[in-house]
$ cat protein_1.cif   # mmCIF, C-alpha atoms
data_structure
#
loop_
_atom_site.label_atom_id
_atom_site.label_comp_id
_atom_site.auth_asym_id
_atom_site.auth_seq_id
_atom_site.Cartn_x
_atom_site.Cartn_y
_atom_site.Cartn_z
CA MET Y 118 94.76 78.77 36.62
CA SER Y 119 95.68 75.68 34.62
CA PHE Y 120 97.89 73.09 36.27
CA ASP Y 121 99.33 71.86 32.92
CA GLY Y 122 102.82 72.28 31.51
CA LEU Y 123 105.77 74.20 32.90
CA TRP Y 124 103.95 77.35 34.00
CA PRO Y 125 102.82 76.11 37.46
CA TYR Y 126 106.44 75.24 38.28
CA ILE Y 127 107.64 78.70 37.27
CA TYR Y 128 104.79 80.18 39.32
CA ILE Y 129 105.76 78.12 42.39
CA ALA Y 130 109.46 78.94 41.93
CA ILE Y 131 108.92 82.71 41.73
CA ALA Y 132 105.85 83.38 43.89
CA GLY Y 133 106.73 80.61 46.37
CA TRP Y 134 110.42 79.83 46.57
CA LEU Y 135 111.92 83.23 45.73
CA ALA Y 136 109.29 85.09 47.78
CA THR Y 137 110.27 83.03 50.84
CA ASP Y 138 114.00 82.40 50.49
CA LEU Y 139 114.73 86.10 49.91
CA TRP Y 140 113.82 86.68 53.56
CA ARG Y 141 115.83 83.70 54.76
CA TRP Y 142 118.90 85.10 52.96
CA ALA Y 143 118.23 88.53 54.44
CA GLY Y 144 118.10 86.83 57.83
CA VAL Y 145 121.53 85.26 57.27
CA VAL Y 146 123.01 88.62 56.32
CA ALA Y 147 121.44 90.31 59.36
CA GLY Y 148 122.22 87.45 61.74
CA ASN Y 149 125.87 87.43 60.69
CA ARG Y 150 126.25 90.98 62.00
CA ILE Y 151 124.62 90.41 65.37
CA ASP Y 152 126.71 89.67 68.43
CA GLU Y 153 125.34 86.75 70.43
CA ARG Y 154 125.21 88.69 73.66
CA SER Y 155 123.89 91.96 72.30
CA GLU Y 156 120.67 93.75 73.15
CA VAL Y 157 119.85 93.75 69.40
CA LEU Y 158 119.66 89.95 69.43
CA ASN Y 159 117.30 90.15 72.40
CA TRP Y 160 115.02 92.39 70.33
CA VAL Y 161 115.26 90.13 67.26
CA ARG Y 162 114.38 87.10 69.42
CA ALA Y 163 111.37 88.93 70.86
CA VAL Y 164 110.13 89.96 67.39
CA ALA Y 165 110.60 86.43 66.00
CA THR Y 166 108.74 84.93 68.96
CA ALA Y 167 105.89 87.44 68.67
CA LEU Y 168 105.59 86.67 64.93
CA VAL Y 169 105.30 82.95 65.61
CA ALA Y 170 102.83 83.70 68.43
CA ALA Y 171 100.69 85.67 65.97
CA VAL Y 172 100.67 82.68 63.58
CA ILE Y 173 99.58 80.47 66.51
CA ALA Y 174 96.80 82.88 67.49
CA LYS Y 175 95.47 82.95 63.93
CA LEU Y 176 95.48 79.15 63.69
CA ILE Y 177 93.46 78.94 66.92
CA VAL Y 178 91.10 81.90 66.55
CA PHE Y 179 90.67 81.93 62.75
CA PRO Y 180 91.26 78.33 61.57
CA THR Y 181 90.64 77.12 58.03
CA GLY Y 182 88.99 73.88 56.89
CA THR Y 183 86.89 71.74 59.24
CA LEU Y 184 87.57 73.80 62.35
CA GLU Y 185 86.13 76.92 60.71
CA ALA Y 186 82.70 75.51 61.62
CA SER Y 187 83.62 74.78 65.25
CA PRO Y 188 82.77 77.25 68.04
CA LEU Y 189 85.57 79.51 69.32
CA TRP Y 190 84.91 78.57 72.96
CA LEU Y 191 85.65 74.93 72.14
CA ARG Y 192 89.04 75.78 70.64
CA LEU Y 193 89.92 78.16 73.49
CA GLY Y 194 88.70 75.57 76.00
CA ALA Y 195 90.93 72.94 74.40
CA VAL Y 196 93.95 75.27 74.69
CA ALA Y 197 93.10 76.13 78.32
CA PHE Y 198 92.66 72.46 79.27
CA GLY Y 199 95.88 71.57 77.47
CA GLY Y 200 97.65 74.40 79.30
CA LEU Y 201 96.39 73.14 82.66
CA CYS Y 202 97.68 69.61 81.97
CA PHE Y 203 100.93 71.11 80.66
CA PHE Y 204 101.62 72.95 83.91
CA ILE Y 205 100.84 69.96 86.14
CA GLY Y 206 102.36 67.42 83.73
CA GLY Y 207 105.86 67.40 85.24
CA ARG Y 208 108.37 65.52 83.11
CA PHE Y 209 105.80 64.60 80.47
CA ARG Y 210 104.24 68.03 80.30
CA GLN Y 211 104.62 68.50 76.55
CA ILE Y 212 102.93 65.24 75.59
CA ALA Y 213 100.37 65.69 78.38
CA GLY Y 214 99.50 69.22 77.27
CA ILE Y 215 99.18 68.36 73.57
CA ALA Y 216 97.22 65.13 74.18
CA ALA Y 217 94.84 66.88 76.59
CA ALA Y 218 94.14 69.74 74.16
CA ILE Y 219 93.50 67.38 71.24
CA ALA Y 220 91.33 65.03 73.35
CA PHE Y 221 89.24 67.99 74.55
CA LEU Y 222 88.80 69.23 70.98
CA ALA Y 223 87.94 65.76 69.62
CA ALA Y 224 85.40 65.16 72.40
CA GLY Y 225 83.83 68.56 71.77
CA LEU Y 226 83.65 68.03 68.00
CA ALA Y 227 82.08 64.61 68.54
CA LEU Y 228 79.49 65.92 71.02
CA LEU Y 229 78.58 68.88 68.81
CA GLY Y 230 78.44 66.66 65.73
CA VAL Y 231 80.75 68.90 63.67
CA MET I 111 138.94 56.67 69.60
CA THR I 112 141.76 57.53 67.25
CA ALA I 113 140.01 59.82 64.77
CA PRO I 114 140.73 63.51 65.32
CA PRO I 115 137.70 64.98 67.07
CA GLU I 116 137.13 67.71 64.44
CA SER I 117 136.81 65.44 61.38
CA GLN I 118 134.77 62.93 63.27
CA SER I 119 132.38 65.40 64.76
CA GLN I 120 130.86 66.99 61.61
CA SER I 121 129.26 63.77 60.31
CA HIS I 122 128.53 62.73 63.88
CA TRP I 123 126.51 65.89 64.53
CA PHE I 124 124.83 65.70 61.10
CA LEU I 125 123.68 62.14 61.91
CA LEU I 126 122.54 63.22 65.35
CA GLY I 127 120.49 65.99 63.70
CA MET I 128 119.00 63.43 61.29
CA ARG I 129 117.86 61.41 64.30
CA GLY I 130 115.63 64.36 65.19
CA ILE I 131 113.19 62.98 62.59
CA PHE I 132 111.99 60.63 65.35
CA SER I 133 111.25 63.52 67.72
CA LEU I 134 107.85 64.82 68.76
CA PRO I 135 108.09 68.05 66.71
CA ALA I 136 109.03 66.14 63.55
CA ILE I 137 106.13 63.73 63.99
CA ILE I 138 103.68 66.57 64.59
CA LEU I 139 104.92 68.41 61.51
CA MET I 140 104.50 65.21 59.46
CA LEU I 141 100.90 64.96 60.66
CA SER I 142 100.42 68.59 59.61
CA PHE I 143 101.77 67.70 56.17
CA VAL I 144 99.27 64.84 55.95
CA GLY I 145 96.68 67.55 56.53
CA PHE I 146 98.29 69.74 53.84
CA ALA I 147 98.26 66.80 51.40
CA ALA I 148 94.53 66.39 52.08
CA PHE I 149 93.98 70.11 51.47
CA THR I 150 95.83 70.09 48.12
CA ALA I 151 94.20 66.84 47.01
CA GLU I 152 90.80 68.38 47.69
CA ALA I 153 91.89 71.45 45.70
CA LYS I 154 93.07 69.19 42.83
CA VAL I 155 96.62 70.54 42.68
CA PRO I 156 98.69 67.83 40.92
CA VAL I 157 100.81 65.80 43.34
CA GLU I 158 104.10 66.55 41.50
CA GLN I 159 103.50 70.27 42.05
CA VAL I 160 102.65 69.72 45.72
CA MET I 161 105.93 67.81 46.21
CA PHE I 162 107.82 70.50 44.28
CA MET I 163 106.48 73.33 46.44
CA THR I 164 107.10 71.33 49.63
CA GLY I 165 110.81 71.20 48.79
CA MET I 166 111.10 74.69 47.31
CA VAL I 167 109.00 76.79 49.69
CA TRP I 168 109.04 74.54 52.77
CA ALA I 169 107.26 76.95 55.16
CA LEU I 170 103.72 75.61 55.58
CA PRO I 171 101.81 78.94 55.96
CA ALA I 172 103.52 80.28 52.81
CA LYS I 173 102.45 77.17 50.89
CA VAL I 174 98.84 77.47 52.03
CA ILE I 175 98.81 81.06 50.75
CA LEU I 176 100.51 79.99 47.50
CA VAL I 177 97.93 77.26 46.86
CA GLY I 178 95.16 79.75 47.65
CA SER I 179 96.61 82.15 45.06
CA MET I 180 96.93 79.39 42.44
CA LEU I 181 93.32 78.34 42.99
CA SER I 182 91.96 81.86 42.70
CA GLY I 183 93.96 82.38 39.50
CA ALA I 184 95.90 85.29 41.01
CA HIS I 185 98.51 87.04 38.90
CA ILE I 186 102.03 85.83 39.70
CA ALA I 187 102.97 89.28 41.07
CA THR I 188 99.96 89.28 43.41
CA ALA I 189 100.85 85.79 44.61
CA PHE I 190 104.46 86.85 45.14
CA LEU I 191 103.34 89.79 47.27
CA ALA I 192 100.98 87.67 49.43
CA VAL I 193 103.57 84.93 49.98
CA THR I 194 106.43 87.32 50.61
CA LEU I 195 104.42 89.19 53.26
CA SER I 196 103.79 85.95 55.12
CA SER I 197 107.47 85.04 54.82
CA VAL I 198 108.94 88.27 56.19
CA ARG I 199 108.94 86.52 59.57
CA MET I 200 111.68 84.23 58.24
CA MET I 201 114.12 87.14 58.47
CA PRO I 202 114.05 87.66 62.27
CA MET I 203 113.75 83.89 62.81
CA VAL I 204 116.87 83.19 60.75
CA ALA I 205 118.61 86.26 62.22
CA ALA I 206 117.98 84.93 65.74
CA LEU I 207 119.15 81.44 64.84
CA ILE I 208 122.37 82.33 62.99
CA PRO I 209 124.28 83.73 66.03
CA GLU I 210 123.34 80.54 67.90
CA ILE I 211 124.68 78.09 65.32
CA ARG I 212 127.62 79.69 63.48
CA ASP I 213 131.16 79.88 64.72
CA ARG I 214 133.83 82.26 63.51
CA ARG I 215 134.86 79.99 60.63
CA THR I 216 131.39 79.14 59.26
CA PRO I 217 131.28 80.37 55.63
CA THR I 218 128.31 82.59 54.70
CA TRP I 219 127.45 80.52 51.60
CA LEU I 220 126.88 77.50 53.86
CA LEU I 221 124.55 79.52 56.09
CA LEU I 222 122.66 80.76 53.00
CA ILE I 223 122.04 77.14 51.93
CA VAL I 224 121.19 75.91 55.41
CA SER I 225 118.78 78.83 55.95
CA HIS I 226 116.44 77.32 53.35
CA PHE I 227 115.49 74.64 55.88
CA VAL I 228 114.32 77.16 58.46
CA ALA I 229 110.57 77.10 59.06
CA ILE I 230 108.71 77.29 62.35
CA THR I 231 109.16 73.64 63.38
CA ALA I 232 112.87 73.45 62.54
CA TRP I 233 113.40 76.83 64.18
CA VAL I 234 111.66 75.88 67.44
CA PHE I 235 113.49 72.52 67.46
CA ALA I 236 116.88 74.13 66.81
CA MET I 237 116.49 76.96 69.33
CA GLU I 238 115.66 74.28 71.94
CA LYS I 239 118.26 71.59 71.16
CA VAL I 240 121.23 73.45 69.73
CA ARG I 241 122.49 74.55 73.14
CA ASP I 242 123.36 70.93 73.94
CA VAL I 243 125.55 70.72 70.82
CA PRO I 244 129.13 72.09 70.87
CA ARG I 245 129.40 75.22 68.73
CA GLY I 246 131.54 73.58 66.04
CA GLY I 247 128.85 70.97 65.37
CA ARG I 248 125.75 73.17 65.40
CA VAL I 249 125.48 73.97 61.68
CA ALA I 250 125.95 70.26 60.84
CA PHE I 251 123.37 69.32 63.48
CA PHE I 252 120.81 71.79 62.13
CA ALA I 253 121.52 70.79 58.51
CA GLY I 254 121.08 67.09 59.38
CA PHE I 255 117.72 67.79 60.97
CA GLY I 256 116.46 70.31 58.40
CA VAL I 257 117.43 68.34 55.28
CA THR I 258 116.01 65.08 56.64
CA LEU I 259 112.79 66.74 57.75
CA THR I 260 112.28 68.41 54.36
CA LEU I 261 113.06 65.31 52.27
CA THR I 262 110.89 63.10 54.48
CA ASN I 263 107.93 65.43 54.08
CA ILE I 264 108.35 65.66 50.28
CA VAL I 265 108.15 61.85 50.13
CA LEU I 266 105.34 61.74 52.69
CA VAL I 267 103.19 64.20 50.74
CA GLY I 268 103.70 62.10 47.59
CA LEU I 269 102.77 58.89 49.39
CA VAL I 270 99.67 60.02 51.24
CA TYR I 271 98.26 62.41 48.60
CA GLY I 272 96.09 59.75 46.98
CA ALA I 273 94.86 58.29 50.26
CA VAL I 274 93.89 61.23 52.41
CA SER I 275 91.13 63.07 50.57
CA GLU I 276 88.42 61.20 52.45
CA PHE I 277 89.29 62.02 56.08
CA PRO I 278 86.43 62.25 58.58
CA PRO I 279 86.13 65.90 59.69
CA ILE I 280 87.11 65.15 63.31
CA VAL I 281 90.45 63.72 62.17
CA SER I 282 91.31 66.61 59.87
CA GLY I 283 90.23 69.09 62.56
CA CYS I 284 92.51 67.49 65.15
CA LEU I 285 95.41 67.27 62.67
CA PHE I 286 95.04 70.99 62.04
CA PHE I 287 94.95 71.81 65.76
CA LEU I 288 98.12 69.85 66.58
CA THR I 289 100.31 72.53 65.03
CA PRO I 290 99.36 75.56 67.19
CA VAL I 291 99.24 73.49 70.38
CA TYR I 292 102.65 72.01 69.69
CA PHE I 293 104.15 75.44 68.90
CA LEU I 294 102.80 76.84 72.18
CA THR I 295 104.29 74.09 74.35
CA SER I 296 107.63 74.15 72.51
CA ILE I 297 108.14 77.88 72.75
CA TRP I 298 107.33 77.77 76.45
CA ILE I 299 109.76 74.90 77.09
CA SER I 300 112.59 76.30 74.98
CA ALA I 301 112.40 79.84 76.45
CA ARG I 302 115.66 80.62 78.23
CA HIS I 303 114.84 84.23 78.90
CA ARG I 304 111.94 86.15 80.41
CA VAL I 305 111.45 88.26 77.27
CA ILE I 306 110.34 85.14 75.33
CA TYR I 307 107.32 84.63 77.62
CA TRP I 308 106.41 88.30 77.28
CA ALA I 309 106.74 88.19 73.49
CA LEU I 310 104.65 85.01 73.34
CA GLY I 311 101.80 86.52 75.38
CA ILE I 312 101.77 89.88 73.62
CA GLY I 313 102.14 88.22 70.19
CA LEU I 314 99.13 85.97 70.84
CA ALA I 315 96.97 88.94 71.85
CA LEU I 316 98.12 91.27 69.07
CA GLY I 317 97.96 88.48 66.47
CA THR I 318 94.25 88.14 67.21
CA ILE I 319 93.60 91.89 67.28
CA PHE I 320 95.51 92.69 64.08
CA ALA I 321 93.85 89.76 62.27
CA VAL I 322 90.60 91.70 62.72
CA VAL I 323 91.75 95.28 62.19
CA ALA I 324 94.57 94.81 59.62
CA PRO I 325 94.24 91.30 58.14
CA GLU I 326 96.75 91.81 55.30
CA TYR I 327 99.64 92.69 57.57
CA ASP I 328 98.52 91.06 60.83
CA ILE I 329 101.46 88.69 61.40
CA LEU I 330 104.04 91.30 60.51
CA LEU I 331 102.46 94.04 62.66
CA ALA I 332 101.94 91.73 65.64
CA GLY I 333 105.55 90.60 65.40
CA VAL I 334 107.20 93.99 65.12
CA VAL I 335 104.89 95.90 67.48
CA GLY I 336 104.46 93.03 69.98
CA GLY I 337 108.09 91.96 69.94
CA THR I 338 109.32 95.52 70.38
CA ALA I 339 106.88 96.13 73.25
CA ALA I 340 107.95 92.89 74.97
CA TRP I 341 111.63 93.70 74.55
CA TRP I 342 111.23 97.30 75.71
CA GLY I 343 109.11 96.38 78.75
CA GLU I 344 111.36 93.53 79.81
CA ARG I 345 114.47 95.67 79.44
CA ALA I 346 112.91 98.45 81.51
CA LEU I 347 112.12 95.98 84.29
CA ARG I 348 115.59 94.44 84.05
CA ARG I 349 117.22 97.86 84.44
CA ARG I 350 115.06 98.71 87.41
CA GLU I 351 116.00 95.40 89.04
CA ALA I 352 119.67 96.06 88.35
CA ALA I 353 119.43 99.54 89.85
CA ARG I 354 118.08 98.21 93.13
#

$ encode --input "protein_1.cif" --output "C-alpha cells"
Amino acid sequence: MSFDGLWPYIYIAIAGWLATDLWRWAGVVAGNRIDERSEVLNWVRAVATALVAAVIAKLIVFPTGTLEASPLWLRLGAVAFGGLCFFIGGRFRQIAGIAAAIAFLAAGLALLGV
Amino acid sequence: MTAPPESQSQSHWFLLGMRGIFSLPAIILMLSFVGFAAFTAEAKVPVEQVMFMTGMVWALPAKVILVGSMLSGAHIATAFLAVTLSSVRMMPMVAALIPEIRDRRTPTWLLLIVSHFVAITAWVFAMEKVRDVPRGGRVAFFAGFGVTLTLTNIVLVGLVYGAVSEFPPIVSGCLFFLTPVYFLTSIWISARHRVIYWALGIGLALGTIFAVVAPEYDILLAGVVGGTAAWWGERALRRREAAR
C-alpha cells in the first residue's frame, strides 16, 4: 500500500488502535465486575498469564528477523543457561538471568557466524 | 507535613509511577522499541506513521502484525481481524489488573482511559509493583508509569529511526531476545500464587504446540485452554490439600 496522504493514518487508527483498544475496554468492563478475592479472578489471572507465556514461547521458538536464521538449540540453550543463573542469582537474579541468557546467545551467534 | 494526605498522594503516586521509567522493564522495552524502529525503517514505513502507531496501538506484537499487513497491502478489514485476534489477550490482562488497582470510588471513564496504556511490559510491571502502593494511589501510580512509558517510546522511535537501520545482526538478534527473557523472569518474580507458575509452564508448552497446529489462533487457544487447565488443576490440588 502507499504510505502517502491521510489513508495510512486512518488504516492505523481503525486496524490498529480500534482493533486493540476495543479489548482493553472490554477488559475494564469485565474487570469492574470481578471481586478481588473470587475464584473467577484466579481463572482470569491464569488465562492472562498463559496468553503472555504463549507470546514468549513464540518469540523464542519462532522468532522473526535475524534470529530466524539461528538454530533452535542455541535459543533454548540461552534460556536454560539464563534460567540456571536466575535460580542461583540470589538478590540479583533478574539481571543475572537476563545477562546470562543474552551473553550465551551473543557468544553462540558469534561462534556460528550468524 | 500539613497537606491533607489524600490531595497530596495522587500527584505523589503519579510521580512515583513516572519514576518507573528508570526501571529494568522500562529500559528493556525501550531497547525492544529500538529494534522495532529498525524493523520499520527497513520496511520503509514513514517515521511519522511509526510514531503515530506507537502512541495509538502501543502493544508491540499488535504493531508488528499491523506493519506486516500494511506491507503486504492487506485490506483494512483483513488487517483489523489479524490485529484484533492478537489483541484479544488485552481483555483478560486488563480484567486481571483492574481489581488490583481500582477502589470503590474510581470512575469507570478513568479506567477506560488508563487501560490504553496496558501492554505486556506495563502489565507485568504493575502486577509486580502495585501491591506496595496503597489502594487509593494505584490508578495514579499506573497512569504515571504507563503515560511516561508510552510518550518516551514515541519520542525514542522518532529519534532513533534514522540511525538504526544498519545494526549488525548480532545486536538486533540480542535486542529481539531481551523481550522474552525479561518477560519470563518478571512473571516468575511477580507470581504471588501457585497457579501463575502452572499457567506459565502450560502456556509456554501450548504456545509452541498451537503455533504449529493452529497458527492463526495460537496465542488465544494457548491462553484459554492452558490458563483454564492450570486453574482447574491447581484448584483441584488446593481442594485436596484443604480436605486433608

$ resolve_selection --input "protein_1.cif" --expression "the PyMOL selection byres ((chain I and resi 165) around 9)" --output "PyMOL selection string"
(chain Y and resi 134) or (chain I and resi 160-164+166-168+260-261+263-264)

$ closest_residue --input "protein_1.cif" --among "Y:Trp140, Y:Phe221, Y:Tyr128, Y:Phe120" --to "Y:Gly199" --atoms "only C-alpha atoms"
Y:Phe221

$ residues_around --input "protein_1.cif" --residues "Y:Asp138" --least-positions-apart "4" --cutoff "9 Å" --atoms "all atoms listed in the file" --output "mmCIF file with C-alpha atoms, in the frame of the given file"
data_model
loop_
_atom_site.group_PDB
_atom_site.id
_atom_site.type_symbol
_atom_site.label_atom_id
_atom_site.label_comp_id
_atom_site.auth_asym_id
_atom_site.auth_seq_id
_atom_site.Cartn_x
_atom_site.Cartn_y
_atom_site.Cartn_z
ATOM 1 C CA GLY Y 133 106.730 80.610 46.370
ATOM 2 C CA TRP Y 134 110.420 79.830 46.570
ATOM 3 C CA TRP Y 142 118.900 85.100 52.960
ATOM 4 C CA ALA Y 143 118.230 88.530 54.440
ATOM 5 C CA MET I 166 111.100 74.690 47.310
ATOM 6 C CA VAL I 167 109.000 76.790 49.690
ATOM 7 C CA SER I 197 107.470 85.040 54.820
ATOM 8 C CA MET I 200 111.680 84.230 58.240
ATOM 9 C CA SER I 225 118.780 78.830 55.950
ATOM 10 C CA HIS I 226 116.440 77.320 53.350
#

$ closest_residue --input "protein_1.cif" --among "I:Pro279, I:Ile306, I:Trp341, I:Thr295" --to "Y:Cys202" --atoms "all atoms listed in the file"
I:Thr295

$ residues_around --input "protein_1.cif" --residues "I:Val193" --least-positions-apart "6" --cutoff "8 Å" --atoms "only C-alpha atoms" --output "list in words"
Ala132, Gly133, Ala136 and Thr137 of chain Y; Ala172, Lys173, Ile175 and Leu176 of chain I

$ write_last_selection --input "protein_1.cif" --atoms "C-alpha atoms" --output "short mmCIF file (atom, residue, chain, number, x, y, z; two decimals), keeping the file's coordinate frame"
data_model
loop_
_atom_site.label_atom_id
_atom_site.label_comp_id
_atom_site.auth_asym_id
_atom_site.auth_seq_id
_atom_site.Cartn_x
_atom_site.Cartn_y
_atom_site.Cartn_z
CA ALA Y 132 105.85 83.38 43.89
CA GLY Y 133 106.73 80.61 46.37
CA ALA Y 136 109.29 85.09 47.78
CA THR Y 137 110.27 83.03 50.84
CA ALA I 172 103.52 80.28 52.81
CA LYS I 173 102.45 77.17 50.89
CA ILE I 175 98.81 81.06 50.75
CA LEU I 176 100.51 79.99 47.50
#

$ resolve_selection --input "protein_1.cif" --expression "the PyMOL selection byres ((chain I and resi 204-211) around 6)" --output "JSON, numbers by chain"
{"Y": [144, 145, 147, 148, 153, 162], "I": [200, 201, 202, 203, 212, 248, 249]}

$ closest_residue --input "protein_1.cif" --among "I:Ala339, I:Leu126, I:Ile329, I:Ala352" --to "chain Y" --atoms "only C-alpha atoms"
I:Ile329

$ atom_distance --input "protein_1.cif" --atom1 "atom CA of I:Phe235" --atom2 "atom CA of Y:Ile212"
15.2 Å

$ resolve_selection --input "protein_1.cif" --expression "the PyMOL selection byres ((chain I and resi 345) around 12)" --output "list in words"
Glu156, Val157, Asn159, Trp160 and Ala163 of chain Y; His303, Arg304, Val305, Trp308, Thr338, Ala339, Ala340, Trp341, Trp342, Gly343, Glu344, Ala346, Leu347, Arg348, Arg349, Arg350, Glu351 and Ala352 of chain I

$ residues_around --input "protein_1.cif" --residues "stretch 250-256 of chain I" --least-positions-apart "4" --cutoff "8 Å" --atoms "all atoms listed in the file" --output "ChimeraX atom specification"
/I:120-121,123-131,224,227-228,232,236,240,243,260

$ residues_around --input "protein_1.cif" --residues "stretch 269-272 of chain I" --least-positions-apart "6" --cutoff "7 Å" --atoms "all atoms listed in the file" --output "NGL selection string"
:I and (144 or 147-148 or 151 or 157)

$ atom_distance --input "protein_1.cif" --atom1 "atom CA of I:Trp298" --atom2 "atom CA of Y:Arg210"
10.9 Å

$ closest_residue --input "protein_1.cif" --among "I:Leu331, I:Ala353, I:Leu266, I:Val291" --to "Y:Arg192" --atoms "only C-alpha atoms"
I:Val291

$ atom_distance --input "protein_1.cif" --atom1 "atom CA of I:Tyr327" --atom2 "atom CA of Y:Ile131"
20.9 Å

$ residues_around --input "protein_1.cif" --residues "Y:Ala220" --least-positions-apart "3" --cutoff "9 Å" --atoms "all atoms listed in the file" --output "VMD selection string"
(chain Y and resid 195 199 215 to 217 223 to 225) or (chain I and resid 284)

$ closest_residue --input "protein_1.cif" --among "I:Ile223, I:Val281, I:Leu314, I:Met237" --to "chain Y" --atoms "all atoms listed in the file"
I:Leu314

$ residues_near_point --input "protein_1.cif" --point "(87.7, 64.8, 62.3)" --cutoff "12 Å" --atoms "all atoms listed in the file" --output "JSON, numbers by chain"
{"Y": [182, 183, 184, 186, 187, 219, 220, 222, 223, 224, 225, 226, 227, 229, 230, 231], "I": [145, 276, 277, 278, 279, 280, 281, 282, 283, 284, 285, 286, 287]}

$ decode --input "protein_1.cif" --residues "stretch 300-306 of chain I" --atoms "all heavy atoms" --output "compact mmCIF listing (two decimals), in the first residue's frame"
# COMPACT_ATOMS: atom_id res chain seq x y z
N SER I 300 7.10 -11.97 39.94
CA SER I 300 5.89 -11.30 40.42
C SER I 300 4.79 -12.28 40.81
O SER I 300 3.77 -11.87 41.35
CB SER I 300 5.37 -10.32 39.36
OG SER I 300 5.00 -11.05 38.21
N ALA I 301 4.98 -13.59 40.55
CA ALA I 301 3.93 -14.56 40.88
C ALA I 301 3.72 -14.61 42.39
O ALA I 301 4.67 -14.79 43.14
CB ALA I 301 4.30 -15.93 40.34
N ARG I 302 2.47 -14.42 42.82
CA ARG I 302 2.17 -14.48 44.24
C ARG I 302 1.37 -15.74 44.56
O ARG I 302 0.98 -15.96 45.69
CB ARG I 302 1.34 -13.25 44.68
CG ARG I 302 2.07 -11.95 44.60
CD ARG I 302 3.07 -11.82 45.74
NE ARG I 302 3.69 -10.51 45.74
CZ ARG I 302 4.71 -10.17 44.94
NH1 ARG I 302 5.19 -11.07 44.11
NH2 ARG I 302 5.22 -8.97 44.99
N HIS I 303 1.09 -16.51 43.53
CA HIS I 303 0.20 -17.64 43.69
C HIS I 303 0.69 -18.78 42.82
O HIS I 303 1.20 -18.55 41.73
CB HIS I 303 -1.22 -17.22 43.29
CG HIS I 303 -2.27 -18.15 43.78
ND1 HIS I 303 -2.55 -19.32 43.14
CD2 HIS I 303 -3.08 -18.09 44.85
CE1 HIS I 303 -3.51 -19.95 43.81
NE2 HIS I 303 -3.84 -19.22 44.85
N ARG I 304 0.51 -20.01 43.33
CA ARG I 304 0.98 -21.20 42.63
C ARG I 304 0.43 -21.30 41.20
O ARG I 304 1.13 -21.74 40.29
CB ARG I 304 0.55 -22.41 43.45
CG ARG I 304 1.17 -23.70 43.05
CD ARG I 304 0.92 -24.73 44.12
NE ARG I 304 -0.51 -24.89 44.38
CZ ARG I 304 -1.01 -25.62 45.38
NH1 ARG I 304 -0.19 -26.23 46.20
NH2 ARG I 304 -2.30 -25.74 45.55
N VAL I 305 -0.83 -20.86 41.01
CA VAL I 305 -1.46 -21.04 39.70
C VAL I 305 -0.71 -20.29 38.60
O VAL I 305 -0.72 -20.70 37.42
CB VAL I 305 -2.95 -20.61 39.75
CG1 VAL I 305 -3.10 -19.11 39.85
CG2 VAL I 305 -3.71 -21.13 38.54
N ILE I 306 0.00 -19.21 38.96
CA ILE I 306 0.75 -18.44 37.96
C ILE I 306 1.89 -19.29 37.37
O ILE I 306 2.12 -19.28 36.16
CB ILE I 306 1.33 -17.14 38.59
CG1 ILE I 306 0.20 -16.28 39.16
CG2 ILE I 306 2.15 -16.36 37.57
CD1 ILE I 306 -0.79 -15.78 38.15
